[in-house]
$ cat target.txt   # compact mmCIF, C-alpha atoms
# COMPACT_ATOMS: atom_id res chain seq x y z
CA MET A 121 0.63 -16.94 -12.02
CA THR A 122 -0.62 -14.07 -9.89
CA THR A 123 -4.11 -12.73 -10.46
CA VAL A 124 -4.19 -9.03 -9.68
CA LEU A 125 -7.57 -7.59 -8.69
CA ALA A 126 -8.92 -4.12 -9.39
CA PRO A 127 -8.51 -2.13 -6.14
CA VAL A 128 -11.27 0.31 -7.14
CA ALA A 129 -14.20 0.43 -9.55
CA GLY A 130 -13.98 2.51 -12.69
CA ALA A 131 -12.60 2.34 -16.21
CA ALA A 132 -9.40 0.41 -16.94
CA ILE A 133 -7.56 2.82 -19.22
CA GLY A 134 -4.02 1.39 -19.48
CA LEU A 135 -0.82 2.87 -18.11
CA SER A 136 -0.19 4.93 -21.23
CA ALA A 137 -3.17 7.13 -20.30
CA VAL A 138 -1.73 8.06 -16.90
CA PRO A 139 -0.76 11.77 -16.77
CA ASP A 140 2.65 11.00 -15.26
CA PRO A 141 5.54 9.73 -17.40
CA VAL A 142 6.95 7.60 -14.61
CA PHE A 143 3.83 5.45 -14.89
CA SER A 144 2.85 5.97 -18.54
CA GLN A 145 6.31 4.87 -19.71
CA ALA A 146 6.09 1.86 -17.35
CA MET A 147 9.23 3.00 -15.52
CA VAL A 148 7.81 1.67 -12.27
CA GLY A 149 6.69 -1.52 -14.00
CA PRO A 150 3.98 -2.96 -16.25
CA GLY A 151 0.31 -3.04 -15.31
CA THR A 152 -2.62 -0.77 -15.98
CA ALA A 153 -4.52 2.12 -14.45
CA ILE A 154 -8.09 2.69 -13.38
CA ASP A 155 -9.95 5.95 -13.79
CA PRO A 156 -12.07 5.54 -10.65
CA ARG A 157 -15.74 6.28 -10.17
CA ARG A 158 -16.12 9.60 -8.44
CA GLU A 159 -17.54 8.36 -5.18
CA PRO A 160 -16.11 7.65 -1.72
CA VAL A 161 -14.57 4.19 -1.84
CA GLU A 162 -12.42 1.71 0.02
CA ALA A 163 -9.41 0.76 -2.10
CA LEU A 164 -8.73 -2.98 -1.88
CA ALA A 165 -5.65 -5.17 -1.68
CA PRO A 166 -4.90 -6.36 -5.25
CA ILE A 167 -3.37 -9.69 -4.14
CA ASP A 168 -3.01 -11.90 -1.04
CA GLY A 169 0.08 -10.99 0.93
CA THR A 170 1.70 -8.59 3.34
CA ILE A 171 1.41 -4.81 3.23
CA VAL A 172 5.12 -3.96 3.12
CA LYS A 173 4.54 -0.25 2.55
CA LEU A 174 1.46 1.75 3.39
CA HIS A 175 1.16 5.43 2.67
CA PRO A 176 -2.20 7.18 2.65
CA HIS A 177 -1.90 7.70 -1.12
CA ALA A 178 -0.16 4.45 -2.13
CA TYR A 179 0.54 0.94 -0.92
CA VAL A 180 2.55 -2.13 -1.83
CA VAL A 181 1.34 -5.67 -1.14
CA VAL A 182 3.89 -8.48 -1.49
CA GLY A 183 2.74 -12.06 -1.95
CA ASP A 184 4.39 -15.06 -0.33
CA ASP A 185 6.26 -15.64 -3.62
CA GLY A 186 7.91 -12.22 -3.22
CA ARG A 187 5.96 -10.48 -5.96
CA GLY A 188 4.95 -6.93 -5.12
CA VAL A 189 2.04 -4.92 -6.51
CA LEU A 190 1.87 -1.15 -6.13
CA VAL A 191 -1.47 0.64 -5.97
CA HIS A 192 -1.17 4.42 -6.32
CA LEU A 193 -4.32 6.39 -5.46
CA GLY A 194 -4.27 9.37 -7.77
CA ILE A 195 -1.34 11.26 -9.29
CA ASP A 196 0.87 13.60 -7.22
CA THR A 197 -1.30 12.71 -4.23
CA VAL A 198 1.80 12.41 -2.05
CA GLN A 199 1.52 16.20 -1.87
CA LEU A 200 -1.78 15.87 0.04
CA LYS A 201 0.17 14.45 3.00
CA GLY A 202 -2.62 12.03 3.79
CA GLU A 203 -5.45 14.55 3.81
CA GLY A 204 -8.63 12.91 2.54
CA PHE A 205 -7.26 9.37 3.00
CA ARG A 206 -8.03 7.03 5.90
CA LEU A 207 -6.01 3.89 6.57
CA LEU A 208 -8.08 0.74 7.07
CA ALA A 209 -5.09 -1.56 7.61
CA ALA A 210 -1.56 -1.22 8.97
CA GLU A 211 1.88 -1.70 7.48
CA GLY A 212 2.98 -5.29 8.10
CA ASP A 213 -0.62 -6.60 8.09
CA ARG A 214 -1.38 -9.75 6.17
CA VAL A 215 -4.28 -9.14 3.83
CA ARG A 216 -6.43 -11.16 1.49
CA ALA A 217 -6.97 -9.98 -2.06
CA GLY A 218 -10.04 -7.76 -1.96
CA GLN A 219 -9.57 -6.62 1.64
CA PRO A 220 -10.01 -2.84 2.19
CA VAL A 221 -6.75 -0.94 2.73
CA VAL A 222 -7.43 2.80 2.33
CA ALA A 223 -10.65 4.83 2.27
CA TRP A 224 -10.60 7.88 -0.01
CA ASP A 225 -12.74 9.93 -2.37
CA PRO A 226 -11.51 10.35 -5.97
CA ALA A 227 -13.90 13.27 -6.43
CA VAL A 228 -12.14 15.22 -3.65
CA VAL A 229 -8.72 14.53 -5.21
CA GLU A 230 -10.02 15.76 -8.56
CA ALA A 231 -11.62 18.85 -7.00
CA GLY A 232 -8.16 19.64 -5.59
CA GLY A 233 -6.77 19.81 -9.12
CA ARG A 234 -5.13 16.39 -9.24
CA SER A 235 -5.83 13.33 -11.36
CA PRO A 236 -7.54 10.58 -9.34
CA VAL A 237 -6.32 7.91 -11.81
CA CYS A 238 -4.93 4.84 -9.99
CA PRO A 239 -1.94 3.00 -11.49
CA VAL A 240 -1.74 -0.66 -10.48
CA VAL A 241 1.77 -1.92 -11.17
CA ALA A 242 3.62 -5.25 -11.07
CA LEU A 243 6.93 -4.28 -9.45
CA ASP A 244 10.18 -5.64 -10.91
CA ALA A 245 8.19 -7.48 -13.59
CA VAL A 246 9.26 -7.54 -17.24
CA ARG A 247 6.68 -6.07 -19.57
CA ASP A 248 5.78 -9.41 -21.19
CA ALA A 249 4.98 -10.96 -17.82
CA VAL A 250 1.70 -9.06 -17.58
CA GLY A 251 -1.26 -10.15 -19.69
CA GLY A 252 -5.02 -10.47 -19.79
CA ILE A 253 -5.28 -6.79 -18.94
CA ALA A 254 -8.90 -5.69 -18.40
CA GLU A 255 -10.18 -2.85 -20.54
CA GLY A 256 -13.14 -0.60 -19.91
CA SER A 257 -15.51 -0.86 -16.98
CA VAL A 258 -14.31 -2.86 -13.97
CA ASN A 259 -15.77 -3.42 -10.54
CA ALA A 260 -13.60 -3.42 -7.43
CA GLY A 261 -12.35 -6.97 -6.91
CA ASP A 262 -12.61 -7.94 -10.59
CA THR A 263 -9.55 -9.48 -12.23
CA LEU A 264 -7.48 -6.58 -13.56
CA PHE A 265 -4.54 -8.48 -15.05
CA GLU A 266 -2.57 -11.70 -14.79
CA TRP A 267 1.12 -11.77 -13.85
CA SER A 268 2.70 -14.93 -15.30
CA MET B 157 33.88 -1.22 -3.24
CA ALA B 158 32.95 2.34 -4.08
CA GLU B 159 30.24 4.09 -2.17
CA ARG B 160 28.47 7.41 -1.86
CA ARG B 161 26.61 8.81 1.10
CA VAL B 162 23.76 11.10 0.16
CA SER B 163 21.14 13.07 2.03
CA VAL B 164 17.73 12.86 0.36
CA THR B 165 16.26 16.33 0.12
CA SER B 166 13.17 15.69 -2.02
CA GLU B 167 10.02 16.54 -0.09
CA VAL B 168 8.50 13.19 -1.03
CA GLY B 169 11.64 11.18 -0.25
CA LEU B 170 12.85 8.49 -2.61
CA HIS B 171 9.39 7.51 -3.84
CA ALA B 172 7.65 6.70 -7.11
CA ARG B 173 9.23 9.21 -9.49
CA PRO B 174 12.79 9.56 -8.17
CA ALA B 175 12.77 5.88 -7.15
CA ALA B 176 11.90 4.72 -10.66
CA THR B 177 14.63 6.88 -12.21
CA PHE B 178 17.09 5.68 -9.59
CA VAL B 179 16.31 1.99 -10.19
CA GLN B 180 16.41 2.32 -13.98
CA THR B 181 19.84 3.92 -13.73
CA ALA B 182 21.15 1.27 -11.34
CA ALA B 183 19.80 -1.49 -13.58
CA LYS B 184 22.21 -0.39 -16.35
CA ALA B 185 25.07 -1.91 -14.36
CA SER B 186 26.10 -5.51 -14.98
CA TYR B 187 27.21 -5.82 -11.33
CA ASP B 188 25.38 -5.54 -8.00
CA VAL B 189 24.41 -2.07 -6.83
CA THR B 190 23.02 -1.66 -3.32
CA ILE B 191 21.26 1.04 -1.36
CA ALA B 192 20.93 1.23 2.41
CA LYS B 193 19.82 3.71 5.00
CA ALA B 194 22.80 4.87 7.05
CA GLY B 195 23.59 1.94 9.36
CA GLY B 196 20.91 -0.24 7.79
CA THR B 197 20.91 -3.41 5.74
CA PRO B 198 21.70 -2.91 2.04
CA VAL B 199 19.09 -3.93 -0.54
CA SER B 200 19.32 -4.14 -4.31
CA ALA B 201 19.21 -0.73 -5.96
CA LYS B 202 17.96 -2.47 -9.11
CA SER B 203 14.66 -3.52 -7.50
CA ILE B 204 11.85 -0.98 -7.44
CA LEU B 205 10.13 -3.11 -4.80
CA SER B 206 13.21 -3.02 -2.56
CA VAL B 207 13.68 0.72 -3.00
CA LEU B 208 10.01 1.52 -2.34
CA ALA B 209 10.00 -0.78 0.71
CA LEU B 210 13.14 0.94 2.02
CA ASP B 211 10.97 4.06 2.25
CA VAL B 212 13.65 6.76 2.34
CA ARG B 213 12.15 9.98 3.68
CA GLN B 214 13.20 13.58 3.25
CA GLY B 215 16.29 14.34 5.34
CA GLU B 216 17.44 10.74 5.67
CA SER B 217 20.90 9.64 4.57
CA ILE B 218 21.50 6.70 2.28
CA VAL B 219 24.61 4.82 1.27
CA ILE B 220 24.86 3.58 -2.32
CA SER B 221 27.53 0.98 -3.08
CA ALA B 222 28.85 -0.82 -6.13
CA GLU B 223 31.99 -2.51 -7.36
CA GLY B 224 32.83 -2.92 -11.01
CA GLU B 225 33.80 -1.14 -14.17
CA GLY B 226 32.46 2.40 -14.20
CA ALA B 227 31.11 2.09 -10.66
CA ASP B 228 32.34 5.56 -9.70
CA ALA B 229 30.53 7.25 -12.57
CA LEU B 230 27.39 5.22 -11.94
CA LEU B 231 27.41 6.08 -8.23
CA ASP B 232 27.88 9.75 -9.05
CA GLU B 233 24.83 9.59 -11.30
CA LEU B 234 22.78 7.74 -8.67
CA ALA B 235 23.86 10.17 -5.96
CA GLN B 236 22.73 13.06 -8.13
CA ILE B 237 19.29 11.49 -8.64
CA ALA B 238 18.89 10.70 -4.94
CA ALA B 239 20.01 14.16 -3.83
CA ALA B 240 17.84 16.07 -6.31
CA PRO B 241 15.28 18.29 -4.57
$ encode --input "target.txt" --output "structure tokens"
Amino acid sequence: MTTVLAPVAGAAIGLSAVPDPVFSQAMVGPGTAIDPRREPVEALAPIDGTIVKLHPHAYVVVGDDGRGVLVHLGIDTVQLKGEGFRLLAAEGDRVRAGQPVVAWDPAVVEAGGRSPVCPVVALDAVRDAVGGIAEGSVNAGDTLFEWS
Amino acid sequence: MAERRVSVTSEVGLHARPAATFVQTAAKASYDVTIAKAGGTPVSAKSILSVLALDVRQGESIVISAEGEGADALLDELAQIAAAP
């Protein structure tokens, strides 16, 4: 069982509410999404593990059991080429769940015409493997879902 | 073993959207399908984690390989997804 933590504070809205079919149809994997509070924040590692991929707008943390969780900060934010994002860790770093990884401001992303919604996805997981999904208001570091 | 060598032209590389489509297509096969950067170690093309971790950027070449019934058609489809702008 892997407990996946909310990387940012906001409202847990479910993947189906993400304005991108690749996430809303769970093509990347099951999980949920957070509509973040519009304030500058530090996005956290969702699980203990190693940062195997770190982009300004998205990162993947893989636990020692090989399970990977993707956190995507906003939709189509790859197009920002890192502008407005500041890395607080490095690729290859070992992190604890709840450790800051990227500083960003959802309000700036939104002002630029993009959705700041953050999908949090269990990679290579079957849909049924994810349960206990939080709904509504969550604080950063709260349990977001369980991966059995 | 059939293989295709493709240059990734998408500005964002083989990331979330094209990667998910790519992996879903590869997962249809009952046999192993691998993806590697040119000269690199092959990883499973059926794993979104492996494909995201491979981190293929715009302009990089990849080699997709498979062996089995319909492998040629599958590789053609995968090559098309990977090469799409």
$ interface_residues --input "target.txt" --of "chain A" --to "chain B" --cutoff "7 Å" --atoms "all atoms listed in the file" --output "ChimeraX atom specification"
/A:142,147-148,172-173,188,198,243-244
$ atom_distance --input "target.txt" --atom1 "CA of Gly196 in chain B" --atom2 "CA of Ile167 in chain A"
28.7 Å
$ residues_around --input "target.txt" --residues "Ala178 in chain A" --least-positions-apart "5" --cutoff "8 Å" --atoms "all atoms listed in the file" --output "ChimeraX atom specification"
/A:190-193
$ residues_near_point --input "target.txt" --point "(-2.7, 5.1, -16.8)" --cutoff "8 Å" --atoms "all atoms listed in the file" --output "list in words"
Ile133, Gly134, Leu135, Ser136, Ala137, Val138, Pro139, Phe143, Ser144, Thr152, Ala153, Ile154, Asp155, Val237, Cys238 and Pro239 of chain A
$ atom_distance --input "target.txt" --atom1 "CA of Met157 in chain B" --atom2 "CA of Ala229 in chain B"
13.0 Å
$ residues_around --input "target.txt" --residues "Ala192 in chain B" --least-positions-apart "5" --cutoff "8 Å" --atoms "all atoms listed in the file" --output "list in words"
Thr197, Pro198, Val199, Leu210, Ile218, Val219 and Ile220 of chain B
$ closest_residue --input "target.txt" --among "B:Val164, B:Thr181, B:Gly195, B:Leu170" --to "Leu230 in chain B" --atoms "only C-alpha atoms"
B:Thr181
$ closest_residue --input "target.txt" --among "B:Val207, B:Val189, B:Ala194, B:Val212" --to "Leu231 in chain B" --atoms "all atoms listed in the file"
B:Val189
$ atom_distance --input "target.txt" --atom1 "CA of Ala182 in chain B" --atom2 "CA of Leu234 in chain B"
7.2 Å
$ residues_around --input "target.txt" --residues "Ala235 in chain B" --least-positions-apart "3" --cutoff "8 Å" --atoms "only C-alpha atoms" --output "PyMOL selection string"
chain B and resi 160-162+220+231-232+238-239
$ axis_aligned_box --input "target.txt" --around "range 170-185 of chain A" --padding-each-side "5 Å" --output "lines of an AutoDock Vina configuration file"
center_x = 2.0
center_y = -4.0
center_z = -0.1
size_x = 18.5
size_y = 33.3
size_z = 17.0
$ residues_around --input "target.txt" --residues "Leu264 in chain A" --least-positions-apart "5" --cutoff "10 Å" --atoms "all atoms listed in the file" --output "PyMOL selection string"
chain A and resi 123-127+132+151-154+166+240+251-255+258-259
$ residues_around --input "target.txt" --residues "Val161 in chain A" --least-positions-apart "4" --cutoff "10 Å" --atoms "only C-alpha atoms" --output "compact mmCIF listing (two decimals) with C-alpha atoms, keeping the file's coordinate frame"
# COMPACT_ATOMS: atom_id res chain seq x y z
CA PRO A 127 -8.51 -2.13 -6.14
CA VAL A 128 -11.27 0.31 -7.14
CA ALA A 129 -14.20 0.43 -9.55
CA PRO A 156 -12.07 5.54 -10.65
CA ARG A 157 -15.74 6.28 -10.17
CA PRO A 220 -10.01 -2.84 2.19
CA VAL A 222 -7.43 2.80 2.33
CA ALA A 223 -10.65 4.83 2.27
CA TRP A 224 -10.60 7.88 -0.01
CA ASP A 225 -12.74 9.93 -2.37
CA PRO A 226 -11.51 10.35 -5.97
CA ALA A 260 -13.60 -3.42 -7.43
